[in-house]
Amino acid sequence: MEPGEGPGALDLHGDEEIIEVVELGPPGPDDLAEEMEDVDFEDEGAEEPDAEAWESEDDEGVEDGMEVQDDSEVTFSLHSASVFCVSLDPKTNTLAVTGGEDDKAFVWRVSDGELLFECSGHKDSVTCAGFSHDSVFVATGDMSGLIKVWRVDAKEEVWSFEVGDLEWMEWHPQAHVLLAGTADGNTWMWKIPSGDCKTFQGPACPATCGRILPDGKRAVVGYEDGTMRIWDLKHGTSLHVLKGQDGHQDPLTCVASNQDGSLIMTGSVDCQAKLVNSATGKVVCVFKMESVTPKAPISEGEEAESNSVESLGFCNVMPLAAVGYLDGTLAIYDLSTQSLRHKCQHESGIVQLLWEESSAVVYTCSLDGAVRLWDARSGKMISEYRGHSAEILDFAVNKDASIVVTTSGDHQAKVFCVQRPDR
């Protein structure tokens, strides 16, 4: 369909034309029910244990001659290469989906590592995987851009689509709608399982990260050229564009929003984190990480040590935000004073951080293969969990913060039970 043709098309200025517009939302429960009449919403048998569950070995994955401390309760070892991503099902937190360099994705039970089903048919590393808001569907996406959606209770594929090289993928927080960003700069949105589609054209460079805001009506997308856009999902229009001085000088690596969606934070290879008012699109403040120790002069042939923002997030219960850097710094910022509150140093780079839902505790995983819990009020480490013999590449925390599931370059996923002295 040519841009500008047909009853649903919009004519927009500049590079923001929309390929195809499908009326969508803001989804209310009634609308969703009508649109999804053909979907069986009964969650039957989603968690029925299979007849035989295998026991997890505490010493699995230890390389020959190398003693590895293993604090994990369960090890999932069906992947045959690095495991890149993990998500927990939001409704029950009993299922995990993992994707790996072996072109495979698996849905398995967290309690005992029992395989529920394999999400087969990918032809490249599976880098994105996640459950819909109600755990009815699970989506898996590989680097080449093949995205598949499976119905969890039936263990069967219900939809697939191929886009350009995949950068990120996320489910809508209230609807069976999937969003994905690709290397050609497009952000795609589909209704599942009908496949009704809409695209949001960014600049001609990869859409490196994205997040649907809590209102479900807007999404923030970051791009390789340092720009950030807030999109209106219903109308397909760009509400705000941050570029030049307001944007970043280098590619965006991560975006996050606070609980009510009023604030957005963006992180970049330029080592800056920017706090943005989502209603006005204005930058509220910029957090820059100043180096504490002056770097030794670089001799010829040596490369300068690079640093970048790798992950960030907002605390739900206090006006705090956390930023994790490649040099191993976890910075806790006070949003009310817009100042640095604590610096928590790791021996190696931070891969990802996550806040507990209902406390001021932040979790980090790093290239040294450990998960750490930090009290953001004091800046002190609460505890540390080990078990992987390689770097942790992704992790997820369940709702009540009792379990952490990690994936690693050692081809394994592990489940850790988190014991906290203050609970």
# chains A, B, ... in the order shown; residues from 1 in each chain; ligands from 1
$ residues_around --residues "Ser383 of chain A" --least-positions-apart "3" --cutoff "12 Å" --atoms "only C-alpha atoms" --output "PyMOL selection string"
chain A and resi 71+361-364+370-375+380+386+417-422
$ residues_around --residues "segment 350-357 of chain A" --least-positions-apart "4" --cutoff "9 Å" --atoms "only C-alpha atoms" --output "PDB file with N, CA, C and O atoms, in the first residue's frame"
ATOM      1  N   VAL A 309      26.387   3.970  29.310  1.00  0.00           N
ATOM      2  CA  VAL A 309      25.243   3.574  30.146  1.00  0.00           C
ATOM      3  C   VAL A 309      24.683   2.287  29.561  1.00  0.00           C
ATOM      4  O   VAL A 309      24.331   2.237  28.379  1.00  0.00           O
ATOM      5  N   GLU A 310      24.596   1.238  30.374  1.00  0.00           N
ATOM      6  CA  GLU A 310      24.126  -0.065  29.897  1.00  0.00           C
ATOM      7  C   GLU A 310      22.683  -0.350  30.307  1.00  0.00           C
ATOM      8  O   GLU A 310      21.984  -1.106  29.643  1.00  0.00           O
ATOM      9  N   SER A 311      22.243   0.211  31.449  1.00  0.00           N
ATOM     10  CA  SER A 311      20.907  -0.094  31.947  1.00  0.00           C
ATOM     11  C   SER A 311      20.487   0.989  32.925  1.00  0.00           C
ATOM     12  O   SER A 311      21.348   1.629  33.545  1.00  0.00           O
ATOM     13  N   LEU A 312      19.190   1.205  33.049  1.00  0.00           N
ATOM     14  CA  LEU A 312      18.714   2.198  34.014  1.00  0.00           C
ATOM     15  C   LEU A 312      17.276   1.904  34.401  1.00  0.00           C
ATOM     16  O   LEU A 312      16.586   1.114  33.763  1.00  0.00           O
ATOM     17  N   GLY A 313      16.836   2.521  35.494  1.00  0.00           N
ATOM     18  CA  GLY A 313      15.470   2.275  35.938  1.00  0.00           C
ATOM     19  C   GLY A 313      15.097   3.145  37.120  1.00  0.00           C
ATOM     20  O   GLY A 313      15.964   3.691  37.809  1.00  0.00           O
ATOM     21  N   PHE A 314      13.792   3.262  37.332  1.00  0.00           N
ATOM     22  CA  PHE A 314      13.249   4.093  38.413  1.00  0.00           C
ATOM     23  C   PHE A 314      12.801   3.221  39.582  1.00  0.00           C
ATOM     24  O   PHE A 314      12.248   2.142  39.382  1.00  0.00           O
ATOM     25  N   CYS A 315      12.987   3.750  40.784  1.00  0.00           N
ATOM     26  CA  CYS A 315      12.452   3.114  41.985  1.00  0.00           C
ATOM     27  C   CYS A 315      10.972   3.475  42.097  1.00  0.00           C
ATOM     28  O   CYS A 315      10.590   4.621  41.847  1.00  0.00           O
ATOM     29  N   ASN A 316      10.135   2.501  42.484  1.00  0.00           N
ATOM     30  CA  ASN A 316       8.689   2.764  42.597  1.00  0.00           C
ATOM     31  C   ASN A 316       8.297   3.429  43.908  1.00  0.00           C
ATOM     32  O   ASN A 316       7.230   4.028  44.005  1.00  0.00           O
ATOM     33  N   VAL A 317       9.123   3.269  44.944  1.00  0.00           N
ATOM     34  CA  VAL A 317       8.681   3.695  46.276  1.00  0.00           C
ATOM     35  C   VAL A 317       9.404   4.940  46.797  1.00  0.00           C
ATOM     36  O   VAL A 317       9.014   5.507  47.806  1.00  0.00           O
ATOM     37  N   ALA A 322      18.323   4.548  39.153  1.00  0.00           N
ATOM     38  CA  ALA A 322      19.619   3.869  39.130  1.00  0.00           C
ATOM     39  C   ALA A 322      20.129   3.822  37.700  1.00  0.00           C
ATOM     40  O   ALA A 322      19.356   3.617  36.761  1.00  0.00           O
ATOM     41  N   VAL A 323      21.440   4.025  37.544  1.00  0.00           N
ATOM     42  CA  VAL A 323      22.077   3.944  36.228  1.00  0.00           C
ATOM     43  C   VAL A 323      23.278   3.016  36.349  1.00  0.00           C
ATOM     44  O   VAL A 323      24.112   3.187  37.249  1.00  0.00           O
ATOM     45  N   GLY A 324      23.352   2.029  35.463  1.00  0.00           N
ATOM     46  CA  GLY A 324      24.468   1.080  35.470  1.00  0.00           C
ATOM     47  C   GLY A 324      25.381   1.333  34.283  1.00  0.00           C
ATOM     48  O   GLY A 324      24.919   1.486  33.150  1.00  0.00           O
ATOM     49  N   TYR A 325      26.678   1.369  34.562  1.00  0.00           N
ATOM     50  CA  TYR A 325      27.661   1.720  33.532  1.00  0.00           C
ATOM     51  C   TYR A 325      28.556   0.536  33.189  1.00  0.00           C
ATOM     52  O   TYR A 325      28.764  -0.368  33.999  1.00  0.00           O
ATOM     53  N   LEU A 326      29.120   0.580  31.996  1.00  0.00           N
ATOM     54  CA  LEU A 326      29.999  -0.481  31.516  1.00  0.00           C
ATOM     55  C   LEU A 326      31.277  -0.583  32.355  1.00  0.00           C
ATOM     56  O   LEU A 326      31.899  -1.648  32.412  1.00  0.00           O
ATOM     57  N   ASP A 327      31.672   0.512  33.018  1.00  0.00           N
ATOM     58  CA  ASP A 327      32.886   0.444  33.844  1.00  0.00           C
ATOM     59  C   ASP A 327      32.615  -0.157  35.223  1.00  0.00           C
ATOM     60  O   ASP A 327      33.517  -0.209  36.068  1.00  0.00           O
ATOM     61  N   GLY A 328      31.377  -0.601  35.461  1.00  0.00           N
ATOM     62  CA  GLY A 328      31.067  -1.255  36.729  1.00  0.00           C
ATOM     63  C   GLY A 328      30.475  -0.340  37.785  1.00  0.00           C
ATOM     64  O   GLY A 328      30.226  -0.772  38.904  1.00  0.00           O
ATOM     65  N   THR A 329      30.221   0.913  37.445  1.00  0.00           N
ATOM     66  CA  THR A 329      29.627   1.834  38.413  1.00  0.00           C
ATOM     67  C   THR A 329      28.104   1.707  38.412  1.00  0.00           C
ATOM     68  O   THR A 329      27.481   1.746  37.349  1.00  0.00           O
ATOM     69  N   LEU A 330      27.527   1.552  39.606  1.00  0.00           N
ATOM     70  CA  LEU A 330      26.078   1.686  39.774  1.00  0.00           C
ATOM     71  C   LEU A 330      25.863   3.030  40.456  1.00  0.00           C
ATOM     72  O   LEU A 330      26.327   3.241  41.583  1.00  0.00           O
ATOM     73  N   HIS A 346      31.371  -2.021  41.031  1.00  0.00           N
ATOM     74  CA  HIS A 346      31.514  -3.437  40.694  1.00  0.00           C
ATOM     75  C   HIS A 346      32.901  -3.636  40.087  1.00  0.00           C
ATOM     76  O   HIS A 346      33.450  -2.715  39.492  1.00  0.00           O
ATOM     77  N   VAL A 361      15.288  -1.539  46.739  1.00  0.00           N
ATOM     78  CA  VAL A 361      16.395  -2.474  46.499  1.00  0.00           C
ATOM     79  C   VAL A 361      16.579  -2.617  44.999  1.00  0.00           C
ATOM     80  O   VAL A 361      15.613  -2.816  44.254  1.00  0.00           O
ATOM     81  N   VAL A 362      17.832  -2.486  44.557  1.00  0.00           N
ATOM     82  CA  VAL A 362      18.124  -2.612  43.129  1.00  0.00           C
ATOM     83  C   VAL A 362      19.058  -3.804  42.928  1.00  0.00           C
ATOM     84  O   VAL A 362      19.952  -4.050  43.728  1.00  0.00           O
ATOM     85  N   TYR A 363      18.775  -4.577  41.878  1.00  0.00           N
ATOM     86  CA  TYR A 363      19.560  -5.766  41.540  1.00  0.00           C
ATOM     87  C   TYR A 363      20.448  -5.434  40.349  1.00  0.00           C
ATOM     88  O   TYR A 363      20.003  -4.751  39.417  1.00  0.00           O
ATOM     89  N   THR A 364      21.673  -5.947  40.359  1.00  0.00           N
ATOM     90  CA  THR A 364      22.544  -5.792  39.193  1.00  0.00           C
ATOM     91  C   THR A 364      23.088  -7.154  38.802  1.00  0.00           C
ATOM     92  O   THR A 364      23.304  -8.021  39.656  1.00  0.00           O
ATOM     93  N   CYS A 365      23.300  -7.354  37.502  1.00  0.00           N
ATOM     94  CA  CYS A 365      24.086  -8.507  37.071  1.00  0.00           C
ATOM     95  C   CYS A 365      25.245  -7.960  36.250  1.00  0.00           C
ATOM     96  O   CYS A 365      25.127  -6.930  35.598  1.00  0.00           O
ATOM     97  N   SER A 366      26.377  -8.661  36.324  1.00  0.00           N
ATOM     98  CA  SER A 366      27.566  -8.090  35.700  1.00  0.00           C
ATOM     99  C   SER A 366      28.384  -9.142  34.965  1.00  0.00           C
ATOM    100  O   SER A 366      28.112 -10.340  35.024  1.00  0.00           O
ATOM    101  N   LEU A 367      29.426  -8.652  34.294  1.00  0.00           N
ATOM    102  CA  LEU A 367      30.260  -9.510  33.462  1.00  0.00           C
ATOM    103  C   LEU A 367      31.070 -10.501  34.291  1.00  0.00           C
ATOM    104  O   LEU A 367      31.645 -11.433  33.746  1.00  0.00           O
ATOM    105  N   ASP A 368      31.123 -10.311  35.625  1.00  0.00           N
ATOM    106  CA  ASP A 368      31.853 -11.272  36.462  1.00  0.00           C
ATOM    107  C   ASP A 368      30.980 -12.460  36.859  1.00  0.00           C
ATOM    108  O   ASP A 368      31.407 -13.318  37.623  1.00  0.00           O
ATOM    109  N   GLU A 391      29.969 -14.683  32.051  1.00  0.00           N
ATOM    110  CA  GLU A 391      29.214 -13.460  32.322  1.00  0.00           C
ATOM    111  C   GLU A 391      27.713 -13.721  32.289  1.00  0.00           C
ATOM    112  O   GLU A 391      27.240 -14.592  31.551  1.00  0.00           O
ATOM    113  N   ILE A 392      26.963 -12.970  33.103  1.00  0.00           N
ATOM    114  CA  ILE A 392      25.499 -13.010  33.039  1.00  0.00           C
ATOM    115  C   ILE A 392      25.062 -12.036  31.947  1.00  0.00           C
ATOM    116  O   ILE A 392      25.524 -10.898  31.900  1.00  0.00           O
ATOM    117  N   LEU A 393      24.182 -12.494  31.060  1.00  0.00           N
ATOM    118  CA  LEU A 393      23.766 -11.677  29.919  1.00  0.00           C
ATOM    119  C   LEU A 393      22.389 -11.053  30.093  1.00  0.00           C
ATOM    120  O   LEU A 393      22.070 -10.052  29.473  1.00  0.00           O
ATOM    121  N   ASP A 394      21.556 -11.676  30.947  1.00  0.00           N
ATOM    122  CA  ASP A 394      20.222 -11.117  31.194  1.00  0.00           C
ATOM    123  C   ASP A 394      19.707 -11.736  32.490  1.00  0.00           C
ATOM    124  O   ASP A 394      20.191 -12.787  32.922  1.00  0.00           O
ATOM    125  N   PHE A 395      18.733 -11.069  33.112  1.00  0.00           N
ATOM    126  CA  PHE A 395      18.117 -11.671  34.295  1.00  0.00           C
ATOM    127  C   PHE A 395      16.731 -11.099  34.500  1.00  0.00           C
ATOM    128  O   PHE A 395      16.373 -10.069  33.922  1.00  0.00           O
ATOM    129  N   ALA A 396      15.931 -11.803  35.312  1.00  0.00           N
ATOM    130  CA  ALA A 396      14.574 -11.367  35.616  1.00  0.00           C
ATOM    131  C   ALA A 396      14.318 -11.628  37.091  1.00  0.00           C
ATOM    132  O   ALA A 396      14.866 -12.571  37.668  1.00  0.00           O
ATOM    133  N   VAL A 397      13.483 -10.767  37.693  1.00  0.00           N
ATOM    134  CA  VAL A 397      13.127 -10.908  39.114  1.00  0.00           C
ATOM    135  C   VAL A 397      11.619 -11.105  39.179  1.00  0.00           C
ATOM    136  O   VAL A 397      10.871 -10.406  38.486  1.00  0.00           O
ATOM    137  N   ASN A 398      11.151 -12.040  40.019  1.00  0.00           N
ATOM    138  CA  ASN A 398       9.705 -12.245  40.112  1.00  0.00           C
ATOM    139  C   ASN A 398       9.054 -11.147  40.957  1.00  0.00           C
ATOM    140  O   ASN A 398       9.744 -10.328  41.568  1.00  0.00           O
ATOM    141  N   LYS A 399       7.714 -11.130  40.957  1.00  0.00           N
ATOM    142  CA  LYS A 399       6.982 -10.008  41.561  1.00  0.00           C
ATOM    143  C   LYS A 399       7.290  -9.789  43.033  1.00  0.00           C
ATOM    144  O   LYS A 399       7.438  -8.671  43.491  1.00  0.00           O
ATOM    145  N   ASP A 400       7.337 -10.889  43.803  1.00  0.00           N
ATOM    146  CA  ASP A 400       7.564 -10.697  45.238  1.00  0.00           C
ATOM    147  C   ASP A 400       9.052 -10.709  45.583  1.00  0.00           C
ATOM    148  O   ASP A 400       9.435 -10.767  46.744  1.00  0.00           O
ATOM    149  N   ALA A 401       9.891 -10.649  44.555  1.00  0.00           N
ATOM    150  CA  ALA A 401      11.343 -10.543  44.737  1.00  0.00           C
ATOM    151  C   ALA A 401      11.915 -11.694  45.562  1.00  0.00           C
ATOM    152  O   ALA A 401      12.814 -11.508  46.367  1.00  0.00           O
TER     153      ALA A 401
END
$ closest_residue --among "A:His248, A:Arg341, A:Lys274, A:Lys104" --to "Lys148 of chain A" --atoms "only C-alpha atoms"
A:Lys104
$ select_by_dssp --residues "segment 79-320 of chain A" --states "strand (DSSP E or B)" --output "PyMOL selection string"
chain A and resi 83-88+95-100+105-109+115-118+126-131+137-142+146-151+156-162+166-171+177-182+186-191+197-201+207-212+218-223+228-232+237-242+252-257+263-268+272-277+283-288+309-314+320
$ closest_residue --among "A:Gly369, A:Gly216, A:Gly244, A:Pro173" --to "His133 of chain A" --atoms "only C-alpha atoms"
A:Pro173
$ closest_residue --among "A:Val138, A:Val269, A:Met228, A:Val241" --to "Ile192 of chain A" --atoms "only C-alpha atoms"
A:Val138
$ residues_around --residues "segment 337-340 of chain A" --least-positions-apart "6" --cutoff "9 Å" --atoms "only C-alpha atoms" --output "list in words"
Cys285, Val286, Phe287 and Ala331 of chain A
$ atom_distance --atom1 "atom CA of Ser262 of chain A" --atom2 "atom CA of Val221 of chain A"
15.5 Å
$ decode --residues "segment 184-202 of chain A" --atoms "N, CA, C and O atoms" --output "CSV table (one decimal), in the first residue's frame"
chain,number,residue,atom,x,y,z
A,184,ASP,N,16.5,-1.0,10.5
A,184,ASP,CA,16.3,0.0,9.4
A,184,ASP,C,15.6,1.3,10.0
A,184,ASP,O,15.2,2.2,9.2
A,185,GLY,N,15.4,1.3,11.3
A,185,GLY,CA,14.9,2.5,11.9
A,185,GLY,C,13.4,2.5,12.2
A,185,GLY,O,12.8,3.3,12.8
A,186,ASN,N,12.7,1.4,11.7
A,186,ASN,CA,11.3,1.3,11.9
A,186,ASN,C,10.9,0.7,13.3
A,186,ASN,O,11.7,-0.1,13.8
A,187,THR,N,9.8,1.1,13.8
A,187,THR,CA,9.2,0.4,15.0
A,187,THR,C,7.9,-0.2,14.4
A,187,THR,O,7.1,0.5,13.8
A,188,TRP,N,7.7,-1.4,14.7
A,188,TRP,CA,6.5,-2.2,14.2
A,188,TRP,C,5.6,-2.4,15.4
A,188,TRP,O,6.0,-2.7,16.5
A,189,MET,N,4.3,-2.4,15.1
A,189,MET,CA,3.3,-2.8,16.1
A,189,MET,C,2.3,-3.7,15.5
A,189,MET,O,1.7,-3.4,14.4
A,190,TRP,N,2.0,-4.8,16.2
A,190,TRP,CA,1.0,-5.8,15.7
A,190,TRP,C,0.0,-6.1,16.7
A,190,TRP,O,0.3,-6.2,17.9
A,191,LYS,N,-1.2,-6.3,16.3
A,191,LYS,CA,-2.2,-7.0,17.1
A,191,LYS,C,-2.0,-8.5,17.0
A,191,LYS,O,-1.8,-9.0,15.9
A,192,ILE,N,-2.1,-9.2,18.1
A,192,ILE,CA,-1.9,-10.6,18.1
A,192,ILE,C,-3.2,-11.3,18.6
A,192,ILE,O,-3.8,-10.8,19.5
A,193,PRO,N,-3.7,-12.3,17.9
A,193,PRO,CA,-3.0,-13.0,16.8
A,193,PRO,C,-3.4,-12.6,15.4
A,193,PRO,O,-3.0,-13.1,14.4
A,194,SER,N,-4.2,-11.5,15.2
A,194,SER,CA,-4.8,-11.1,13.9
A,194,SER,C,-3.6,-10.6,13.0
A,194,SER,O,-3.7,-10.8,11.8
A,195,GLY,N,-2.6,-10.0,13.6
A,195,GLY,CA,-1.5,-9.6,12.8
A,195,GLY,C,-1.7,-8.2,12.2
A,195,GLY,O,-0.8,-7.7,11.4
A,196,ASP,N,-2.8,-7.5,12.5
A,196,ASP,CA,-3.0,-6.1,12.1
A,196,ASP,C,-1.7,-5.3,12.4
A,196,ASP,O,-1.2,-5.4,13.5
A,197,CYS,N,-1.3,-4.5,11.5
A,197,CYS,CA,0.1,-4.0,11.6
A,197,CYS,C,0.1,-2.5,11.4
A,197,CYS,O,-0.6,-1.9,10.6
A,198,LYS,N,1.1,-1.8,12.1
A,198,LYS,CA,1.3,-0.4,11.9
A,198,LYS,C,2.8,-0.2,12.0
A,198,LYS,O,3.5,-0.9,12.8
A,199,THR,N,3.4,0.7,11.3
A,199,THR,CA,4.8,1.0,11.4
A,199,THR,C,5.0,2.5,11.7
A,199,THR,O,4.3,3.4,11.2
A,200,PHE,N,6.1,2.8,12.5
A,200,PHE,CA,6.5,4.1,12.9
A,200,PHE,C,7.9,4.3,12.3
A,200,PHE,O,8.8,3.7,12.8
A,201,GLN,N,8.0,5.2,11.4
A,201,GLN,CA,9.3,5.4,10.7
A,201,GLN,C,10.2,6.4,11.4
A,201,GLN,O,9.8,7.5,11.5
A,202,GLY,N,11.3,5.9,11.9
A,202,GLY,CA,12.3,6.8,12.6
A,202,GLY,C,13.3,7.2,11.5
A,202,GLY,O,13.1,7.1,10.3
